[in-house]
Structure formats: structure tokens, C-alpha cells
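*Asks:* My structure is in input.txt, and what it holds is compact mmCIF, C-alpha atoms:
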```txt
# COMPACT_ATOMS: atom_id res chain seq x y z
CA LEU Q 1 1.09 -1.88 -4.60
CA VAL Q 2 0.06 -1.62 -8.18
CA LEU Q 3 -2.90 -3.09 -9.96
CA GLY Q 4 -3.50 -3.16 -13.65
CA ALA Q 5 0.24 -3.00 -13.65
CA SER Q 6 0.56 -4.47 -10.25
CA PRO Q 7 3.62 -6.41 -9.03
CA LEU Q 8 3.91 -9.29 -6.63
CA VAL Q 9 4.06 -7.78 -3.15
CA ALA Q 10 4.47 -8.50 0.53
CA GLY Q 11 4.01 -5.87 3.19
CA PRO Q 12 6.12 -4.81 6.12
CA ALA Q 13 5.15 -5.45 9.70
CA GLN Q 14 4.23 -1.85 10.30
CA LEU Q 15 1.49 0.67 9.70
CA ALA Q 16 0.43 1.05 6.15
CA MET Q 17 -2.42 2.49 4.21
CA ALA Q 18 -3.04 2.10 0.52
CA TRP Q 19 -5.11 4.49 -1.49
CA ARG Q 20 -5.97 2.91 -4.78
CA LEU Q 21 -6.70 5.24 -7.66
CA GLY Q 22 -7.18 4.37 -11.30
CA SER Q 23 -7.87 6.08 -14.57
CA HIS Q 24 -10.51 4.74 -16.91
CA CYS Q 25 -9.62 1.06 -17.27
CA ARG Q 26 -9.46 -0.35 -20.74
CA GLY Q 27 -8.28 -3.43 -22.58
CA LEU Q 28 -6.89 -6.57 -21.04
CA VAL Q 29 -5.72 -6.70 -17.45
CA ARG Q 30 -2.03 -6.42 -16.80
CA ARG Q 31 -1.14 -8.47 -13.78
CA PRO Q 32 -0.20 -6.95 -10.45
CA PRO Q 33 3.39 -7.20 -9.26
CA LEU Q 34 4.24 -9.50 -6.38
CA LEU Q 35 4.51 -7.71 -3.04
CA SER Q 36 6.06 -8.67 0.30
CA GLY Q 37 7.77 -7.36 3.42
CA PRO Q 38 9.80 -8.51 6.44
CA PRO Q 39 8.71 -8.62 10.08
CA GLN Q 40 8.63 -5.38 12.02
CA ALA Q 41 11.75 -4.43 13.94
CA THR Q 42 11.19 -1.18 15.81
CA THR Q 43 8.93 1.72 14.93
CA PRO Q 44 8.71 4.94 16.99
CA SER Q 45 4.92 4.92 17.11
CA TYR Q 46 2.35 2.29 16.19
CA ARG Q 47 -0.63 4.62 16.31
CA ARG Q 48 -0.01 5.87 12.85
CA LEU Q 49 -1.61 4.47 9.78
CA VAL Q 50 0.38 4.69 6.70
CA ALA Q 51 -1.67 7.26 4.89
CA ALA Q 52 0.46 10.28 4.39
CA VAL Q 53 3.94 9.01 4.61
CA SER Q 54 6.47 8.38 7.35
CA ARG Q 55 6.33 10.56 10.43
CA ARG Q 56 9.23 12.43 11.97
CA ASP Q 57 9.58 14.51 15.11
CA PHE Q 58 8.30 17.90 14.03
CA ALA Q 59 9.68 19.70 17.08
CA GLY Q 60 12.44 22.24 16.66
CA GLY Q 61 11.76 22.94 13.01
CA GLY Q 62 12.24 19.34 11.87
CA GLY Q 63 9.80 17.26 9.91
CA VAL Q 64 8.45 17.19 6.41
CA PRO Q 65 9.22 20.08 4.06
CA PRO Q 66 6.54 21.48 1.74
CA SER Q 67 5.88 19.06 -1.10
CA PRO Q 68 6.71 20.11 -4.67
CA PRO Q 69 3.95 20.19 -7.31
CA PRO Q 70 3.04 16.73 -8.69
CA GLY Q 71 4.23 17.84 -12.11
CA GLU Q 72 7.76 18.23 -10.77
CA LEU Q 73 7.71 14.91 -8.90
CA VAL Q 74 6.41 12.69 -11.68
CA THR Q 75 9.18 12.77 -14.26
CA ASP Q 76 9.61 10.66 -17.38
CA GLU Q 77 11.93 8.44 -15.34
CA ALA Q 78 9.22 7.96 -12.68
CA ARG Q 79 6.70 6.92 -15.33
CA ARG Q 80 9.27 4.56 -16.86
CA ALA Q 81 9.90 2.90 -13.47
CA PHE Q 82 6.18 2.46 -12.87
CA ARG Q 83 5.62 1.06 -16.34
CA GLU Q 84 8.61 -1.30 -16.39
CA ASP Q 85 9.30 -2.16 -12.73
CA GLY Q 86 5.72 -1.94 -11.46
CA VAL Q 87 6.58 0.53 -8.67
CA VAL Q 88 8.10 3.98 -8.22
CA CYS Q 89 9.02 5.81 -5.01
CA LEU Q 90 8.09 9.52 -5.05
CA ARG Q 91 10.08 11.52 -2.50
CA GLY Q 92 8.43 14.34 -0.56
CA ALA Q 93 5.03 13.88 -2.21
CA PHE Q 94 2.95 14.88 0.84
CA ASP Q 95 3.68 17.70 3.27
CA ARG Q 96 3.39 17.95 7.04
CA SER Q 97 -0.28 18.99 7.12
CA TRP Q 98 -1.40 15.77 5.42
CA ILE Q 99 0.73 13.62 7.69
CA GLU Q 100 -0.61 15.25 10.84
CA SER Q 101 -4.21 15.09 9.65
CA LEU Q 102 -4.05 11.41 8.75
CA GLY Q 103 -2.11 10.57 11.89
CA ALA Q 104 -4.87 12.07 14.03
CA ALA Q 105 -7.53 10.32 11.94
CA THR Q 106 -5.75 7.00 12.48
CA ASP Q 107 -5.67 7.55 16.23
CA ALA Q 108 -9.42 8.13 16.19
CA ALA Q 109 -10.08 5.01 14.11
CA ILE Q 110 -7.94 2.79 16.34
CA ASP Q 111 -9.37 4.28 19.55
CA ALA Q 112 -12.83 3.30 18.33
CA ALA Q 113 -11.69 -0.25 17.56
CA ALA Q 114 -13.67 -1.88 20.37
CA ASP Q 115 -16.93 -0.77 18.76
CA ASN Q 116 -15.77 -1.07 15.15
CA VAL Q 117 -17.20 -4.12 13.40
CA ASP Q 118 -15.30 -3.21 10.23
CA LEU Q 119 -11.86 -3.56 11.83
CA GLU Q 120 -10.33 -6.95 11.03
CA GLU Q 121 -7.82 -8.34 13.52
CA TYR Q 122 -5.14 -10.65 12.13
CA THR Q 123 -3.30 -11.39 15.36
CA ARG Q 124 -4.91 -13.56 18.04
CA GLN Q 125 -5.14 -11.34 21.09
CA GLY Q 126 -3.45 -12.87 24.12
CA GLN Q 127 -1.89 -15.63 22.01
CA GLU Q 128 0.46 -13.70 19.72
CA PRO Q 129 2.69 -10.68 20.44
CA GLY Q 130 1.94 -7.29 18.95
CA ARG Q 131 -1.03 -6.41 16.83
CA PHE Q 132 -1.84 -6.49 13.13
CA CYS Q 133 -5.23 -5.20 11.96
CA ALA Q 134 -6.87 -3.62 8.94
CA GLU Q 135 -9.95 -1.63 7.97
CA MET Q 136 -11.36 -0.99 4.52
CA ASP Q 137 -13.21 2.02 3.14
CA CYS Q 138 -12.06 4.50 5.77
CA SER Q 139 -12.93 7.39 3.45
CA ARG Q 140 -16.60 6.42 3.62
CA LYS Q 141 -16.62 6.62 7.42
CA TYR Q 142 -14.05 9.21 8.50
CA ALA Q 143 -14.13 12.79 7.27
CA ASP Q 144 -10.35 13.30 7.40
CA PHE Q 145 -9.69 10.29 5.18
CA GLN Q 146 -12.31 11.48 2.71
CA HIS Q 147 -10.75 14.96 2.70
CA PHE Q 148 -7.40 13.38 1.84
CA ILE Q 149 -8.94 11.58 -1.15
CA PHE Q 150 -10.45 14.71 -2.64
CA ALA Q 151 -8.03 17.45 -1.59
CA SER Q 152 -4.52 15.93 -1.35
CA PRO Q 153 -2.11 15.57 -4.32
CA ALA Q 154 -2.81 11.80 -4.41
CA ALA Q 155 -5.20 11.77 -7.37
CA GLU Q 156 -3.00 14.01 -9.52
CA LEU Q 157 0.09 11.98 -8.65
CA ALA Q 158 -1.68 8.77 -9.66
CA ALA Q 159 -2.93 10.25 -12.92
CA ARG Q 160 0.49 11.61 -13.84
CA VAL Q 161 2.26 8.34 -13.06
CA MET Q 162 -0.24 6.48 -15.25
CA ASP Q 163 0.11 9.22 -17.89
CA SER Q 164 -3.64 9.76 -17.76
CA LYS Q 165 -5.83 12.87 -17.75
CA THR Q 166 -8.06 11.48 -14.99
CA ALA Q 167 -7.88 9.33 -11.85
CA SER Q 168 -10.93 7.64 -10.32
CA PHE Q 169 -10.74 6.54 -6.70
CA PHE Q 170 -12.25 3.14 -5.98
CA TYR Q 171 -11.28 2.17 -2.42
CA ASP Q 172 -8.84 2.48 0.45
CA ILE Q 173 -7.51 0.18 3.12
CA LEU Q 174 -5.73 0.90 6.37
CA PHE Q 175 -3.16 -1.52 7.82
CA VAL Q 176 -1.79 -1.11 11.33
CA LYS Q 177 1.06 -3.12 12.84
CA GLU Q 178 2.47 -2.45 16.26
CA PRO Q 179 6.24 -2.50 16.85
CA GLY Q 180 7.47 -5.98 17.69
CA THR Q 181 4.71 -7.75 15.73
CA PRO Q 182 6.46 -10.80 14.20
CA GLN Q 183 3.65 -11.55 11.78
CA ARG Q 184 4.50 -10.48 8.25
CA THR Q 185 2.35 -9.81 5.23
CA VAL Q 186 2.96 -12.69 2.86
CA TRP Q 187 3.83 -12.38 -0.80
CA HIS Q 188 0.67 -11.85 -2.85
CA GLN Q 189 -0.74 -10.34 -6.02
CA ASP Q 190 -3.51 -7.75 -5.71
CA GLN Q 191 -5.24 -8.40 -9.02
CA GLY Q 192 -7.19 -11.45 -7.93
CA TYR Q 193 -8.73 -9.62 -4.98
CA TRP Q 194 -10.14 -6.71 -7.01
CA LEU Q 195 -13.21 -6.56 -9.23
CA ILE Q 196 -11.50 -4.21 -11.62
CA GLY Q 197 -9.13 -4.52 -14.54
CA GLY Q 198 -7.32 -2.49 -17.14
CA ASP Q 199 -3.89 -1.17 -17.96
CA ASP Q 200 -4.15 2.00 -15.89
CA VAL Q 201 -4.63 1.16 -12.23
CA CYS Q 202 -2.34 1.88 -9.30
CA SER Q 203 -2.14 2.09 -5.52
CA ILE Q 204 -0.49 4.72 -3.37
CA TRP Q 205 1.20 3.38 -0.22
CA LEU Q 206 2.12 5.96 2.41
CA PRO Q 207 3.84 5.29 5.75
CA LEU Q 208 3.50 7.72 8.67
CA ASP Q 209 6.73 6.63 10.37
CA PRO Q 210 10.25 6.38 8.94
CA VAL Q 211 10.54 3.03 7.20
CA PRO Q 212 13.97 1.44 6.72
CA ARG Q 213 14.54 -0.79 3.70
CA ALA Q 214 14.45 -3.85 5.97
CA SER Q 215 10.85 -3.11 6.96
CA CYS Q 216 9.53 -1.62 3.73
CA LEU Q 217 7.03 -3.09 1.32
CA GLU Q 218 8.83 -5.19 -1.28
CA PHE Q 219 8.05 -5.84 -4.95
CA VAL Q 220 9.20 -8.36 -7.51
CA ARG Q 221 10.45 -6.09 -10.27
CA GLY Q 222 8.52 -6.41 -13.52
CA SER Q 223 6.23 -9.20 -12.26
CA HIS Q 224 3.18 -7.28 -13.54
CA ARG Q 225 4.36 -8.03 -17.06
CA SER Q 226 4.35 -11.82 -16.63
CA GLY Q 227 0.80 -12.22 -18.00
CA ILE Q 228 -0.07 -14.57 -15.12
CA GLU Q 229 -2.90 -13.96 -12.67
CA TYR Q 230 -2.40 -15.93 -9.46
CA ALA Q 231 -5.09 -17.32 -7.19
CA PRO Q 232 -6.18 -15.00 -4.35
CA PHE Q 233 -5.94 -16.59 -0.91
CA ARG Q 234 -6.69 -15.82 2.72
CA PHE Q 235 -3.71 -14.38 4.55
CA ALA Q 236 -4.73 -16.06 7.81
CA ASP Q 237 -4.45 -19.67 6.65
CA GLY Q 238 -3.37 -19.59 2.99
CA SER Q 239 -6.59 -21.17 1.72
CA VAL Q 240 -7.63 -20.16 -1.80
CA TYR Q 241 -10.90 -18.28 -2.24
CA ARG Q 242 -13.83 -20.18 -3.69
CA GLY Q 243 -13.91 -19.97 -7.45
CA ALA Q 244 -10.14 -19.54 -7.73
CA GLU Q 245 -9.16 -23.18 -7.25
CA ALA Q 246 -8.10 -23.64 -10.88
CA MET Q 247 -5.87 -20.56 -10.96
CA PRO Q 248 -2.07 -20.94 -10.69
CA ARG Q 249 -0.51 -20.64 -7.24
CA LEU Q 250 1.97 -17.94 -6.35
CA PRO Q 251 5.66 -18.97 -6.61
CA ASP Q 252 7.67 -19.30 -3.40
CA VAL Q 253 9.35 -15.90 -3.63
CA GLU Q 254 10.58 -15.86 -0.04
CA GLY Q 255 12.06 -19.32 -0.30
CA ALA Q 256 13.98 -18.43 -3.47
CA ARG Q 257 14.70 -14.72 -3.11
CA GLY Q 258 17.88 -15.03 -5.14
CA ASP Q 259 15.83 -16.05 -8.18
CA PHE Q 260 13.88 -12.77 -8.21
CA SER Q 261 14.74 -9.10 -8.60
CA ILE Q 262 13.23 -7.68 -5.39
CA VAL Q 263 12.72 -3.94 -4.97
CA GLY Q 264 12.35 -1.99 -1.71
CA PHE Q 265 13.13 1.49 -0.38
CA ASP Q 266 14.19 3.49 2.65
CA MET Q 267 11.28 5.87 3.17
CA LEU Q 268 10.94 9.11 5.10
CA PRO Q 269 7.99 11.41 5.92
CA GLY Q 270 6.45 12.68 2.72
CA ASP Q 271 7.51 9.77 0.52
CA CYS Q 272 5.06 7.37 -1.11
CA LEU Q 273 5.06 4.32 -3.35
CA VAL Q 274 2.94 4.17 -6.48
```
Would you write out, as C-alpha cells, the structure that this file holds?
*Replies:*
Amino acid sequence: LVLGASPLVAGPAQLAMAWRLGSHCRGLVRRPPLLSGPPQATTPSYRRLVAAVSRRDFAGGGGVPPSPPPGELVTDEARRAFREDGVVCLRGAFDRSWIESLGAATDAAIDAAADNVDLEEYTRQGQEPGRFCAEMDCSRKYADFQHFIFASPAAELAARVMDSKTASFFYDILFVKEPGTPQRTVWHQDQGYWLIGGDDVCSIWLPLDPVPRASCLEFVRGSHRSGIEYAPFRFADGSVYRGAEAMPRLPDVEGARGDFSIVGFDMLPGDCLV
């Protein structure tokens, strides 16, 4: 997920959380890459938001090793990939403590779902298998999410990838998909949904469970450099938001995958996409 330099994207049918951080925005908007992702196959645990990377079994000394300093992770090659492809995968960016903290915070948020008016359900309960839901601005409501924003390496990673001295957080969103949920996140472009622009904006996407390439978020490589801003639409029915009727419609990426250079990754605990 990348704004300012954001590709076309579609998300996987599994838990995901995006923390969007940006430096001071300036100049004309560079368009987001296209994003997408296939239906969920199997995931060990659904009660994990993607907020601090894929989760492993920590028993017996396994799990996520300590993360290296952001300065070692964000190399010139990483900045090149972000700038040219619209996405870079940083391996081992978050350590076990962040994964456990955000996993517990996700449990608490989902357990409170019955009384949570901010939680948006995308699946029709009793009519469709599985569950797909989302909640915005978790860091304003849950202390552990807010602690992650201010104390984790996320802000420094974002700033270094954008080659900026600062990173300013502007919002977060939590996506949860249970195993076996056939509903997929369609191809879309983030730019049209955000009231922000500039060359230096990015998102950090972190799964809490291991994510195979077949279930990972996908990006159309370099689509942020097309200069085209596509109409934002409702995921539920595909209808375009009011005021965006005159904007161009997204191309049929899924129907013509061979015509696009599509990027995805196998991801393990500690990894993230920027």
C-alpha cells in the first residue's frame, strides 16, 4: 500500500493492518499503485490483525528474532524499489514484542465487536462463509495501537524509505479476514480515498500470521508512475463515490493479469510492506 507513490493494489483474504505514515507532502500527487490479493486459503489463526507482521509459534525458542536497526534495513536498493516499483518488502522489521502486543490488542478489538459501532462488516453474516471486517483509527481508541505508532520502528522505517527526515502519521486501518473467507479485496488505488497528496506518502502493511505469496497483497509494479488517478468506489457493490463520476475507471487487472507486472511476496513474522 503506497500513497503519494502508491501502486494499484488488491488485498489478500486474511488479516491485515495498514499504518499510513507520510513526510511533509509537497508538489503534485504521484498516483498510488494498484493493489490486489487472492482469496484466503488457510491461516493458522484469524484473531490476528496484521499490525506487526506474520505470527509464528513462539514455543521452543522459535518465532521472530530481534529486528535490526531501521538504518540497516532500509538500504539504497530498498529506496530504489519503493521509488520505482511502488513497494518494498522489509524483512524482520518488527520483533516479537510488537507482534505479541498487537496480536493481543487485535483480540481485544474483535472481542468487543458486538458493541463496536466503528467496526465495518463486509461479509453478510449467515449468508456468506467466513468473515471480513475492518476498523479505522484504532490508535485513537486502543492504547496498544497508539503505543505502536509512537514507539515502534514504523515511523523511522517510513521516513528512511521515503528518504525524509520526518514522518507524520495520519491514520490507521485494521482488516480482519477469517480462514476460508472466499471474499477478496478487489484491485483498487488508495489515492482517491485519501484527503492528502504529495510525493512522500506511504503505508506500512504488517501481517501477524505467515503469508504465502498466493495470499499476499499484490501490487502492479510501477503503476504509481502512470500519472492517472482512478475513481474511488465502494468495495461492497463497485459503485463510484459521489463527485468521482468523471474520473477514469480502474483497468481490469484481474481479467488481464498477463498484461501487468504484478508483485507479491512470501512473508514471515517480522516482515512488512512499505
*Asks:* For Val176 in chain Q, which residue out of Q:Asp144, Q:Asp199, Q:Asp107, Q:Glu229 is the nearest one, using only C-alpha atoms?
*Replies:* Q:Asp107
*Asks:* Taking 2 positions as the minimum chain separation for residues in the same chain, which residues sit within 10 Å of range 236-241 of chain Q when counting only C-alpha atoms? Answer as a list of chain:residue names.
*Replies:*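 Neighbouring residues, sequence-local ones excluded: Q:Tyr122, Q:Thr123, Q:Thr185, Q:Val186, Q:Gly192, Q:Tyr193, Q:Ala231, Q:Pro232, Q:Phe233, Q:Arg234, Q:Gly243, Q:Ala244, Q:Glu245, Q:Ala246, Q:Met247, Q:Arg249.
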*Asks:* For the atom pair CA of Ala134 in chain Q and CA of Ala109 in chain Q, what is the interatomic distance in Å to one decimal place?
*Replies:* 10.6 Å
*Asks:* Counting all atoms listed in the file, which residues have an atom no more than 9 Å from (9.4, -7.4, -14.5) in the file's coordinates? Please list them as number ranges by chain.
*Replies:* Q: 7, 33, 84-86, 220-226, 261
*Asks:* So which one's closest to Cys216 in chain Q, Q:Phe94, Q:Ala154, Q:Glu254, Q:Ile262? Using only C-alpha atoms, please.
*Replies:*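 Counting only C-alpha atoms, the residue closest to Cys216 in chain Q is Q:Ile262.
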*Asks:* Name the residues in contact with Ala81 in chain Q at a cut-off of 12 Å, using all atoms listed in the file, excluding same-chain residues fewer than 5 positions from it; report them as a PyMOL selection string.
*Replies:* chain Q and resi 5+74-76+86-90+161-162+221-222+263+273-274
*Asks:* In Å, how far is it from CA of Arg242 in chain Q to CA of His188 in chain Q?
*Replies:*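 CA of Arg242 in chain Q sits 16.7 Å away from CA of His188 in chain Q.
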*Asks:* Please report the interatomic distance between CA of Ser168 in chain Q and CA of Val211 in chain Q in Å with one decimal.
*Replies:*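 Straight-line distance from CA of Ser168 in chain Q to CA of Val211 in chain Q works out to 28.1 Å.
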*Asks:* Taking all atoms listed in the file into account, name the residue in Q:Lys165, Q:Arg124, Q:Pro153, Q:Thr181 that is nearest to Ser67 in chain Q.
*Replies:*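 Of Q:Lys165, Q:Arg124, Q:Pro153, Q:Thr181, the one nearest Ser67 in chain Q is Q:Pro153, counting all atoms listed in the file.
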*Asks:* Which is closest to Gly130 in chain Q among Q:Trp205, Q:Arg160, Q:Leu195, Q:Pro179, if we use all atoms listed in the file?
*Replies:*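 For Gly130 in chain Q, the nearest of the given residues is Q:Pro179.
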*Asks:* Nearest to Thr106 in chain Q among Q:Tyr230, Q:Trp187, Q:Phe235, Q:Phe145, with distances taken over only C-alpha atoms: which residue is it?
*Replies:*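 Smallest separation from Thr106 in chain Q among the options: Q:Phe145.
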*Asks:* Please list as number ranges by chain every residue within 12 Å of Asp118 in chain Q, counting all atoms listed in the file and excluding residues in the same chain fewer than 6 positions away.
*Replies:* Q: 109-110, 112, 133-138, 140-141, 173-174
*Asks:* Please write out, as AutoDock Vina command-line options, where the centre of an axis-aligned box around all listed atoms of range 178-189 of chain Q lies and how long its edges are, in Å to one decimal, after adding 4 Å on each side.
*Replies:*
```
--center_x 3.4 --center_y -7.6 --center_z 5.8 --size_x 16.2 --size_y 18.2 --size_z 31.7
```
*Asks:* Missing atoms in range 230-261 of chain Q: can you complete it with N, CA and C atoms, as an mmCIF file, keeping the file's coordinate frame?
*Replies:*
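Below you can see part.cif, which holds the result:
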```
data_model
loop_
_atom_site.group_PDB
_atom_site.id
_atom_site.type_symbol
_atom_site.label_atom_id
_atom_site.label_comp_id
_atom_site.auth_asym_id
_atom_site.auth_seq_id
_atom_site.Cartn_x
_atom_site.Cartn_y
_atom_site.Cartn_z
ATOM 1 N N TYR Q 230 -2.477 -14.878 -10.465
ATOM 2 C CA TYR Q 230 -2.400 -15.930 -9.460
ATOM 3 C C TYR Q 230 -3.659 -15.968 -8.595
ATOM 4 N N ALA Q 231 -3.897 -17.125 -8.009
ATOM 5 C CA ALA Q 231 -5.090 -17.320 -7.190
ATOM 6 C C ALA Q 231 -5.041 -16.464 -5.929
ATOM 7 N N PRO Q 232 -6.119 -15.731 -5.620
ATOM 8 C CA PRO Q 232 -6.180 -15.000 -4.350
ATOM 9 C C PRO Q 232 -6.406 -15.976 -3.197
ATOM 10 N N PHE Q 233 -5.836 -15.678 -2.053
ATOM 11 C CA PHE Q 233 -5.940 -16.590 -0.910
ATOM 12 C C PHE Q 233 -6.085 -15.797 0.377
ATOM 13 N N ARG Q 234 -6.537 -16.441 1.412
ATOM 14 C CA ARG Q 234 -6.690 -15.820 2.720
ATOM 15 C C ARG Q 234 -5.329 -15.738 3.412
ATOM 16 N N PHE Q 235 -4.992 -14.562 3.893
ATOM 17 C CA PHE Q 235 -3.710 -14.380 4.550
ATOM 18 C C PHE Q 235 -3.619 -15.200 5.836
ATOM 19 N N ALA Q 236 -4.746 -15.396 6.506
ATOM 20 C CA ALA Q 236 -4.730 -16.060 7.810
ATOM 21 C C ALA Q 236 -4.280 -17.506 7.729
ATOM 22 N N ASP Q 237 -4.784 -18.245 6.712
ATOM 23 C CA ASP Q 237 -4.450 -19.670 6.650
ATOM 24 C C ASP Q 237 -3.956 -20.139 5.278
ATOM 25 N N GLY Q 238 -3.882 -19.225 4.309
ATOM 26 C CA GLY Q 238 -3.370 -19.590 2.990
ATOM 27 C C GLY Q 238 -4.364 -20.281 2.092
ATOM 28 N N SER Q 239 -5.607 -20.471 2.537
ATOM 29 C CA SER Q 239 -6.590 -21.170 1.720
ATOM 30 C C SER Q 239 -7.062 -20.289 0.567
ATOM 31 N N VAL Q 240 -7.229 -20.889 -0.596
ATOM 32 C CA VAL Q 240 -7.630 -20.160 -1.800
ATOM 33 C C VAL Q 240 -9.121 -19.852 -1.739
ATOM 34 N N TYR Q 241 -9.491 -18.666 -2.218
ATOM 35 C CA TYR Q 241 -10.900 -18.280 -2.240
ATOM 36 C C TYR Q 241 -11.688 -19.152 -3.209
ATOM 37 N N ARG Q 242 -12.961 -19.369 -2.853
ATOM 38 C CA ARG Q 242 -13.830 -20.180 -3.690
ATOM 39 C C ARG Q 242 -13.948 -19.570 -5.087
ATOM 40 N N GLY Q 243 -13.854 -20.419 -6.073
ATOM 41 C CA GLY Q 243 -13.910 -19.970 -7.450
ATOM 42 C C GLY Q 243 -12.545 -19.745 -8.069
ATOM 43 N N ALA Q 244 -11.496 -19.775 -7.225
ATOM 44 C CA ALA Q 244 -10.140 -19.540 -7.730
ATOM 45 C C ALA Q 244 -9.284 -20.804 -7.683
ATOM 46 N N GLU Q 245 -9.915 -21.943 -7.431
ATOM 47 C CA GLU Q 245 -9.160 -23.180 -7.250
ATOM 48 C C GLU Q 245 -8.328 -23.575 -8.475
ATOM 49 N N ALA Q 246 -8.800 -23.230 -9.657
ATOM 50 C CA ALA Q 246 -8.100 -23.640 -10.880
ATOM 51 C C ALA Q 246 -6.993 -22.674 -11.287
ATOM 52 N N MET Q 247 -6.891 -21.552 -10.603
ATOM 53 C CA MET Q 247 -5.870 -20.560 -10.960
ATOM 54 C C MET Q 247 -4.496 -20.988 -10.463
ATOM 55 N N PRO Q 248 -3.423 -20.559 -11.131
ATOM 56 C CA PRO Q 248 -2.070 -20.940 -10.690
ATOM 57 C C PRO Q 248 -1.746 -20.356 -9.318
ATOM 58 N N ARG Q 249 -0.914 -21.091 -8.558
ATOM 59 C CA ARG Q 249 -0.510 -20.640 -7.240
ATOM 60 C C ARG Q 249 0.721 -19.749 -7.337
ATOM 61 N N LEU Q 250 0.840 -18.870 -6.388
ATOM 62 C CA LEU Q 250 1.970 -17.940 -6.350
ATOM 63 C C LEU Q 250 3.287 -18.712 -6.170
ATOM 64 N N PRO Q 251 4.366 -18.308 -6.837
ATOM 65 C CA PRO Q 251 5.660 -18.970 -6.610
ATOM 66 C C PRO Q 251 6.176 -18.669 -5.210
ATOM 67 N N ASP Q 252 7.092 -19.484 -4.734
ATOM 68 C CA ASP Q 252 7.670 -19.300 -3.400
ATOM 69 C C ASP Q 252 8.778 -18.251 -3.484
ATOM 70 N N VAL Q 253 8.373 -16.987 -3.491
ATOM 71 C CA VAL Q 253 9.350 -15.900 -3.630
ATOM 72 C C VAL Q 253 10.288 -15.861 -2.436
ATOM 73 N N GLU Q 254 9.749 -15.973 -1.244
ATOM 74 C CA GLU Q 254 10.580 -15.860 -0.040
ATOM 75 C C GLU Q 254 11.574 -17.001 0.056
ATOM 76 N N GLY Q 255 11.179 -18.167 -0.384
ATOM 77 C CA GLY Q 255 12.060 -19.320 -0.300
ATOM 78 C C GLY Q 255 13.138 -19.346 -1.375
ATOM 79 N N ALA Q 256 12.996 -18.479 -2.383
ATOM 80 C CA ALA Q 256 13.980 -18.430 -3.470
ATOM 81 C C ALA Q 256 14.244 -16.984 -3.857
ATOM 82 N N ARG Q 257 14.533 -16.153 -2.873
ATOM 83 C CA ARG Q 257 14.700 -14.720 -3.110
ATOM 84 C C ARG Q 257 15.778 -14.431 -4.153
ATOM 85 N N GLY Q 258 16.795 -15.254 -4.197
ATOM 86 C CA GLY Q 258 17.880 -15.030 -5.140
ATOM 87 C C GLY Q 258 17.466 -15.200 -6.594
ATOM 88 N N ASP Q 259 16.306 -15.824 -6.820
ATOM 89 C CA ASP Q 259 15.830 -16.050 -8.180
ATOM 90 C C ASP Q 259 15.003 -14.873 -8.702
ATOM 91 N N PHE Q 260 14.745 -13.883 -7.836
ATOM 92 C CA PHE Q 260 13.880 -12.770 -8.210
ATOM 93 C C PHE Q 260 14.597 -11.446 -7.997
ATOM 94 N N SER Q 261 14.233 -10.462 -8.791
ATOM 95 C CA SER Q 261 14.740 -9.100 -8.600
ATOM 96 C C SER Q 261 13.757 -8.375 -7.680
#
```
